[in-house]
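Printed here is target.pdb (PDB, C-alpha atoms):
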```
ATOM      1  CA  MET A   8    -162.378-112.663   6.718
ATOM      2  CA  ALA A   9    -163.130-109.223   5.345
ATOM      3  CA  ASP A  10    -160.474-107.193   3.605
ATOM      4  CA  LEU A  11    -158.811-105.602   6.617
ATOM      5  CA  ALA A  12    -156.424-103.580   4.465
ATOM      6  CA  GLY A  13    -159.352-102.109   2.542
ATOM      7  CA  MET A  14    -161.143-101.250   5.769
ATOM      8  CA  ALA A  15    -158.006 -99.659   7.203
ATOM      9  CA  GLN A  16    -157.532 -97.656   4.001
ATOM     10  CA  SER A  17    -161.116 -96.380   4.212
ATOM     11  CA  LEU A  18    -160.570 -95.443   7.837
ATOM     12  CA  VAL A  19    -157.342 -93.566   7.103
ATOM     13  CA  LEU A  20    -158.916 -91.678   4.190
ATOM     14  CA  ASP A  21    -162.082 -90.802   6.101
ATOM     15  CA  MET A  22    -160.231 -89.708   9.226
ATOM     16  CA  THR A  23    -157.733 -87.684   7.192
ATOM     17  CA  ARG A  24    -160.587 -85.871   5.440
ATOM     18  CA  ALA A  25    -162.290 -85.231   8.774
ATOM     19  CA  GLY A  26    -159.061 -84.136  10.470
ATOM     20  CA  LYS A  27    -159.536 -86.714  13.229
ATOM     21  CA  MET A  28    -157.128 -88.962  15.093
ATOM     22  CA  VAL A  29    -157.431 -92.314  16.856
ATOM     23  CA  ALA A  30    -155.683 -94.172  19.652
ATOM     24  CA  THR A  31    -155.881 -97.881  20.390
ATOM     25  CA  ALA A  32    -155.764 -99.762  23.688
ATOM     26  CA  GLU A  33    -155.263-103.435  22.961
ATOM     27  CA  SER A  34    -155.019-106.521  25.077
ATOM     28  CA  CYS A  35    -156.064-109.703  23.225
ATOM     29  CA  THR A  36    -155.026-108.303  19.829
ATOM     30  CA  GLY A  37    -151.555-107.327  21.035
ATOM     31  CA  GLY A  38    -151.280-104.304  18.748
ATOM     32  CA  LEU A  39    -152.870-105.769  15.621
ATOM     33  CA  ILE A  40    -155.410-102.956  15.296
ATOM     34  CA  ALA A  41    -152.671-100.324  15.262
ATOM     35  CA  ALA A  42    -150.517-102.513  13.002
ATOM     36  CA  THR A  43    -153.368-102.896  10.500
ATOM     37  CA  ILE A  44    -153.894 -99.139  10.404
ATOM     38  CA  THR A  45    -150.172 -98.424  10.004
ATOM     39  CA  GLU A  46    -149.974-100.691   6.962
ATOM     40  CA  ILE A  47    -151.690 -97.849   5.110
ATOM     41  CA  PRO A  48    -149.560 -95.003   3.730
ATOM     42  CA  GLY A  49    -150.581 -91.745   5.366
ATOM     43  CA  SER A  50    -151.709 -93.422   8.574
ATOM     44  CA  SER A  51    -149.428 -91.171  10.610
ATOM     45  CA  ALA A  52    -151.981 -88.405  10.044
ATOM     46  CA  VAL A  53    -154.651 -90.364  11.914
ATOM     47  CA  LEU A  54    -153.042 -92.821  14.361
ATOM     48  CA  ASP A  55    -151.809 -90.853  17.347
ATOM     49  CA  ARG A  56    -150.690 -93.808  19.452
ATOM     50  CA  GLY A  57    -151.364 -97.369  20.428
ATOM     51  CA  PHE A  58    -151.207 -98.934  23.869
ATOM     52  CA  VAL A  59    -150.556-102.656  24.111
ATOM     53  CA  THR A  60    -151.722-103.456  27.621
ATOM     54  CA  TYR A  61    -151.584-107.218  27.824
ATOM     55  CA  SER A  62    -151.026-107.485  31.564
ATOM     56  CA  ASN A  63    -153.214-106.033  34.286
ATOM     57  CA  GLU A  64    -150.234-103.983  35.445
ATOM     58  CA  ALA A  65    -149.904-102.428  31.994
ATOM     59  CA  LYS A  66    -153.616-101.610  31.979
ATOM     60  CA  GLU A  67    -153.186 -99.866  35.334
ATOM     61  CA  GLU A  68    -149.896 -98.071  34.649
ATOM     62  CA  MET A  69    -150.295 -97.069  31.001
ATOM     63  CA  ILE A  70    -153.980 -96.202  30.689
ATOM     64  CA  GLY A  71    -155.269 -95.885  34.235
ATOM     65  CA  VAL A  72    -157.561 -98.894  34.595
ATOM     66  CA  SER A  73    -158.325 -99.058  38.306
ATOM     67  CA  VAL A  74    -157.209-101.939  40.464
ATOM     68  CA  ALA A  75    -160.721-102.017  41.911
ATOM     69  CA  THR A  76    -162.234-102.543  38.445
ATOM     70  CA  LEU A  77    -159.831-105.353  37.643
ATOM     71  CA  GLN A  78    -160.444-107.048  40.987
ATOM     72  CA  ALA A  79    -164.237-106.702  40.834
ATOM     73  CA  HIS A  80    -164.833-107.470  37.157
ATOM     74  CA  GLY A  81    -161.622-108.947  35.739
ATOM     75  CA  ALA A  82    -159.554-107.919  32.744
ATOM     76  CA  VAL A  83    -162.146-109.288  30.324
ATOM     77  CA  SER A  84    -165.172-107.177  31.171
ATOM     78  CA  ARG A  85    -167.304-104.289  30.005
ATOM     79  CA  GLU A  86    -165.966-102.126  32.816
ATOM     80  CA  THR A  87    -162.321-102.756  31.939
ATOM     81  CA  ALA A  88    -162.887-102.154  28.218
ATOM     82  CA  VAL A  89    -164.582 -98.830  28.956
ATOM     83  CA  GLU A  90    -161.790 -97.721  31.302
ATOM     84  CA  MET A  91    -159.210 -98.787  28.711
ATOM     85  CA  ALA A  92    -160.796 -96.698  25.948
ATOM     86  CA  GLU A  93    -161.346 -93.690  28.174
ATOM     87  CA  GLY A  94    -157.817 -93.949  29.561
ATOM     88  CA  ALA A  95    -156.286 -94.133  26.085
ATOM     89  CA  LEU A  96    -158.325 -91.121  25.010
ATOM     90  CA  ALA A  97    -157.240 -89.134  28.079
ATOM     91  CA  ARG A  98    -153.581 -89.988  27.436
ATOM     92  CA  SER A  99    -153.587 -89.068  23.750
ATOM     93  CA  LYS A 100    -154.388 -86.253  21.355
ATOM     94  CA  SER A 101    -156.991 -88.421  19.671
ATOM     95  CA  ASP A 102    -160.626 -87.769  18.934
ATOM     96  CA  TYR A 103    -161.472 -91.467  19.279
ATOM     97  CA  ALA A 104    -160.010 -94.401  21.183
ATOM     98  CA  VAL A 105    -160.921 -98.035  20.679
ATOM     99  CA  SER A 106    -160.124-100.737  23.203
ATOM    100  CA  VAL A 107    -160.354-104.516  23.153
ATOM    101  CA  THR A 108    -159.899-107.079  25.892
ATOM    102  CA  GLY A 109    -160.821-110.706  25.523
ATOM    103  CA  ILE A 110    -159.967-114.378  25.534
ATOM    104  CA  ALA A 111    -158.378-115.466  22.269
ATOM    105  CA  GLY A 112    -157.561-118.972  23.495
ATOM    106  CA  PRO A 113    -156.859-121.723  23.211
ATOM    107  CA  ASP A 114    -156.721-121.620  27.030
ATOM    108  CA  GLY A 115    -158.157-119.255  29.595
ATOM    109  CA  GLY A 116    -161.845-119.635  28.922
ATOM    110  CA  THR A 117    -164.482-120.421  31.533
ATOM    111  CA  VAL A 118    -168.217-121.027  31.378
ATOM    112  CA  GLU A 119    -168.860-117.355  32.205
ATOM    113  CA  LYS A 120    -166.052-116.053  30.008
ATOM    114  CA  PRO A 121    -165.485-118.520  27.163
ATOM    115  CA  VAL A 122    -162.780-118.460  24.533
ATOM    116  CA  GLY A 123    -163.958-116.000  21.891
ATOM    117  CA  LEU A 124    -165.439-113.460  24.326
ATOM    118  CA  VAL A 125    -164.170-109.940  23.616
ATOM    119  CA  HIS A 126    -165.235-106.653  25.157
ATOM    120  CA  MET A 127    -164.721-103.617  22.943
ATOM    121  CA  ALA A 128    -165.234 -99.963  23.805
ATOM    122  CA  LEU A 129    -165.117 -96.817  21.712
ATOM    123  CA  ALA A 130    -164.540 -93.511  23.503
ATOM    124  CA  ARG A 131    -165.101 -90.146  21.840
ATOM    125  CA  ARG A 132    -163.701 -86.811  22.901
ATOM    126  CA  ASN A 133    -166.659 -84.849  24.274
ATOM    127  CA  GLY A 134    -169.001 -87.760  23.712
ATOM    128  CA  ALA A 135    -170.356 -90.960  25.177
ATOM    129  CA  THR A 136    -168.346 -94.175  25.352
ATOM    130  CA  GLU A 137    -169.929 -97.175  23.665
ATOM    131  CA  HIS A 138    -169.401-100.787  24.700
ATOM    132  CA  THR A 139    -169.907-103.865  22.549
ATOM    133  CA  GLU A 140    -169.708-107.451  23.721
ATOM    134  CA  LEU A 141    -168.410-109.706  20.957
ATOM    135  CA  ARG A 142    -168.751-113.474  21.006
ATOM    136  CA  PHE A 143    -166.809-115.368  18.388
ATOM    137  CA  ASP A 144    -166.866-119.102  17.918
ATOM    138  CA  ASP A 145    -163.787-120.895  19.196
ATOM    139  CA  LEU A 146    -162.260-121.134  15.723
ATOM    140  CA  GLY A 147    -158.719-120.542  16.898
ATOM    141  CA  ARG A 148    -156.627-117.747  18.265
ATOM    142  CA  ALA A 149    -155.762-116.210  14.888
ATOM    143  CA  TYR A 150    -159.414-116.117  13.826
ATOM    144  CA  ILE A 151    -160.570-114.465  17.063
ATOM    145  CA  ARG A 152    -157.847-111.824  16.913
ATOM    146  CA  GLU A 153    -158.492-111.036  13.236
ATOM    147  CA  ALA A 154    -162.254-110.904  13.770
ATOM    148  CA  THR A 155    -161.675-108.507  16.665
ATOM    149  CA  VAL A 156    -159.555-106.218  14.468
ATOM    150  CA  LYS A 157    -162.350-106.215  11.879
ATOM    151  CA  LYS A 158    -164.957-105.220  14.481
ATOM    152  CA  ALA A 159    -162.715-102.457  15.840
ATOM    153  CA  LEU A 160    -162.134-100.987  12.386
ATOM    154  CA  GLU A 161    -165.881-101.172  11.655
ATOM    155  CA  ALA A 162    -166.636 -99.323  14.898
ATOM    156  CA  LEU A 163    -164.133 -96.566  14.081
ATOM    157  CA  ILE A 164    -165.464 -96.165  10.528
ATOM    158  CA  LYS A 165    -169.033 -96.000  11.828
ATOM    159  CA  ALA A 166    -168.057 -93.460  14.506
ATOM    160  CA  LEU A 167    -167.068 -90.954  11.840
TER
END
```
Starting from the file, lay out its structure as structure tokens.
Amino acid sequence: MADLAGMAQSLVLDMTRAGKMVATAESCTGGLIAATITEIPGSSAVLDRGFVTYSNEAKEEMIGVSVATLQAHGAVSRETAVEMAEGALARSKSDYAVSVTGIAGPDGGTVEKPVGLVHMALARRNGATEHTELRFDDLGRAYIREATVKKALEALIKAL
């Protein structure tokens, strides 16, 4: 796996230089994106807040994901990821918000939504929200979560 600490350091430096802040809305990673960023000294200048919204209720209450979206599309969906990112952005002072929701396994997968499926969204203040569907091989829970963190950090670095 790529050097997550190096990626997080690049993100913190780039965002500090740009005067930008980020928020995270995490389900399947359980806070690992925010934790990876906060390993870097100076990260308090760029990480405004992180929302760990593992349950549907947390998604609804903390970041405003609609019940209708969850009922129609499920927690692991493009629609939920987009609402998570936009909700985190609306409830923070951040310029960017990244969200992830997926199935890290080993259980919970279906034919339509297999283990390793992750939906990620990146919302920008005064800009469009981007969605990315990630499909990782079922190489274990730790691998899927770490690979998701890597993709989230890449998306934030690219967004700058």
At most 10 Å is the cut-off: for each residue in stretch 16-51 of chain A with any atom that close to an atom of stretch 60-76 of chain A, write down the nearest atom pair and the distance in Å rounded to one decimal, counting only C-alpha atoms, chain first then increasing number, as JSON lines.
```
{"residue": "A:Ala32", "atom": "CA", "partner": "A:Thr60", "partner_atom": "CA", "distance": 6.7}
{"residue": "A:Glu33", "atom": "CA", "partner": "A:Thr60", "partner_atom": "CA", "distance": 5.9}
{"residue": "A:Ser34", "atom": "CA", "partner": "A:Tyr61", "partner_atom": "CA", "distance": 4.5}
{"residue": "A:Cys35", "atom": "CA", "partner": "A:Tyr61", "partner_atom": "CA", "distance": 6.9}
{"residue": "A:Thr36", "atom": "CA", "partner": "A:Tyr61", "partner_atom": "CA", "distance": 8.8}
{"residue": "A:Gly37", "atom": "CA", "partner": "A:Tyr61", "partner_atom": "CA", "distance": 6.8}
{"residue": "A:Gly38", "atom": "CA", "partner": "A:Thr60", "partner_atom": "CA", "distance": 8.9}
```
Counting all atoms listed in the file, what is within 12 Å of A:Arg98, bar same-chain residues fewer than 3 positions away, as a list in words?
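Selected residues are Val29, Ala30, Thr31, Ala32, Asp55, Arg56, Gly57, Phe58, Glu68, Met69, Ile70, Gly71, Glu90, Met91, Ala92, Glu93, Gly94, Ala95, Ser101, Asp102, Tyr103, Ala104 and Arg132 of chain A.
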Since we have the selection now, will you write its residues out, keeping C-alpha atoms, as a PDB file, keeping the file's coordinate frame?
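Result file again-v1.pdb:
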```pdb
ATOM      1  CA  VAL A  29    -157.431 -92.314  16.856  1.00  0.00           C
ATOM      2  CA  ALA A  30    -155.683 -94.172  19.652  1.00  0.00           C
ATOM      3  CA  THR A  31    -155.881 -97.881  20.390  1.00  0.00           C
ATOM      4  CA  ALA A  32    -155.764 -99.762  23.688  1.00  0.00           C
ATOM      5  CA  ASP A  55    -151.809 -90.853  17.347  1.00  0.00           C
ATOM      6  CA  ARG A  56    -150.690 -93.808  19.452  1.00  0.00           C
ATOM      7  CA  GLY A  57    -151.364 -97.369  20.428  1.00  0.00           C
ATOM      8  CA  PHE A  58    -151.207 -98.934  23.869  1.00  0.00           C
ATOM      9  CA  GLU A  68    -149.896 -98.071  34.649  1.00  0.00           C
ATOM     10  CA  MET A  69    -150.295 -97.069  31.001  1.00  0.00           C
ATOM     11  CA  ILE A  70    -153.980 -96.202  30.689  1.00  0.00           C
ATOM     12  CA  GLY A  71    -155.269 -95.885  34.235  1.00  0.00           C
ATOM     13  CA  GLU A  90    -161.790 -97.721  31.302  1.00  0.00           C
ATOM     14  CA  MET A  91    -159.210 -98.787  28.711  1.00  0.00           C
ATOM     15  CA  ALA A  92    -160.796 -96.698  25.948  1.00  0.00           C
ATOM     16  CA  GLU A  93    -161.346 -93.690  28.174  1.00  0.00           C
ATOM     17  CA  GLY A  94    -157.817 -93.949  29.561  1.00  0.00           C
ATOM     18  CA  ALA A  95    -156.286 -94.133  26.085  1.00  0.00           C
ATOM     19  CA  SER A 101    -156.991 -88.421  19.671  1.00  0.00           C
ATOM     20  CA  ASP A 102    -160.626 -87.769  18.934  1.00  0.00           C
ATOM     21  CA  TYR A 103    -161.472 -91.467  19.279  1.00  0.00           C
ATOM     22  CA  ALA A 104    -160.010 -94.401  21.183  1.00  0.00           C
ATOM     23  CA  ARG A 132    -163.701 -86.811  22.901  1.00  0.00           C
TER      24      ARG A 132
END
```
With distances taken over only C-alpha atoms, which of A:Arg148, A:Arg85, A:Arg131, A:Arg142 is nearest to A:Ala166?
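Comparing A:Arg148, A:Arg85, A:Arg131, A:Arg142 against A:Ala166, the winner is A:Arg131.
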Report the distance between atom CA of A:Ala41 and atom CA of A:Lys120 in Å, rounded to one decimal place.
25.4 Å
Residues within 12 Å of A:Leu11, please, as a PDB file with C-alpha atoms, in the frame of the given file. Count only C-alpha atoms; anything in the same chain fewer than 5 positions from it doesn't count.
```pdb
ATOM      1  CA  GLN A  16    -157.532 -97.656   4.001  1.00  0.00           C
ATOM      2  CA  SER A  17    -161.116 -96.380   4.212  1.00  0.00           C
ATOM      3  CA  LEU A  18    -160.570 -95.443   7.837  1.00  0.00           C
ATOM      4  CA  LEU A  39    -152.870-105.769  15.621  1.00  0.00           C
ATOM      5  CA  ILE A  40    -155.410-102.956  15.296  1.00  0.00           C
ATOM      6  CA  ALA A  41    -152.671-100.324  15.262  1.00  0.00           C
ATOM      7  CA  ALA A  42    -150.517-102.513  13.002  1.00  0.00           C
ATOM      8  CA  THR A  43    -153.368-102.896  10.500  1.00  0.00           C
ATOM      9  CA  ILE A  44    -153.894 -99.139  10.404  1.00  0.00           C
ATOM     10  CA  THR A  45    -150.172 -98.424  10.004  1.00  0.00           C
ATOM     11  CA  GLU A  46    -149.974-100.691   6.962  1.00  0.00           C
ATOM     12  CA  ILE A  47    -151.690 -97.849   5.110  1.00  0.00           C
ATOM     13  CA  GLU A 153    -158.492-111.036  13.236  1.00  0.00           C
ATOM     14  CA  ALA A 154    -162.254-110.904  13.770  1.00  0.00           C
ATOM     15  CA  THR A 155    -161.675-108.507  16.665  1.00  0.00           C
ATOM     16  CA  VAL A 156    -159.555-106.218  14.468  1.00  0.00           C
ATOM     17  CA  LYS A 157    -162.350-106.215  11.879  1.00  0.00           C
ATOM     18  CA  LYS A 158    -164.957-105.220  14.481  1.00  0.00           C
ATOM     19  CA  ALA A 159    -162.715-102.457  15.840  1.00  0.00           C
ATOM     20  CA  LEU A 160    -162.134-100.987  12.386  1.00  0.00           C
ATOM     21  CA  GLU A 161    -165.881-101.172  11.655  1.00  0.00           C
TER      22      GLU A 161
END
```
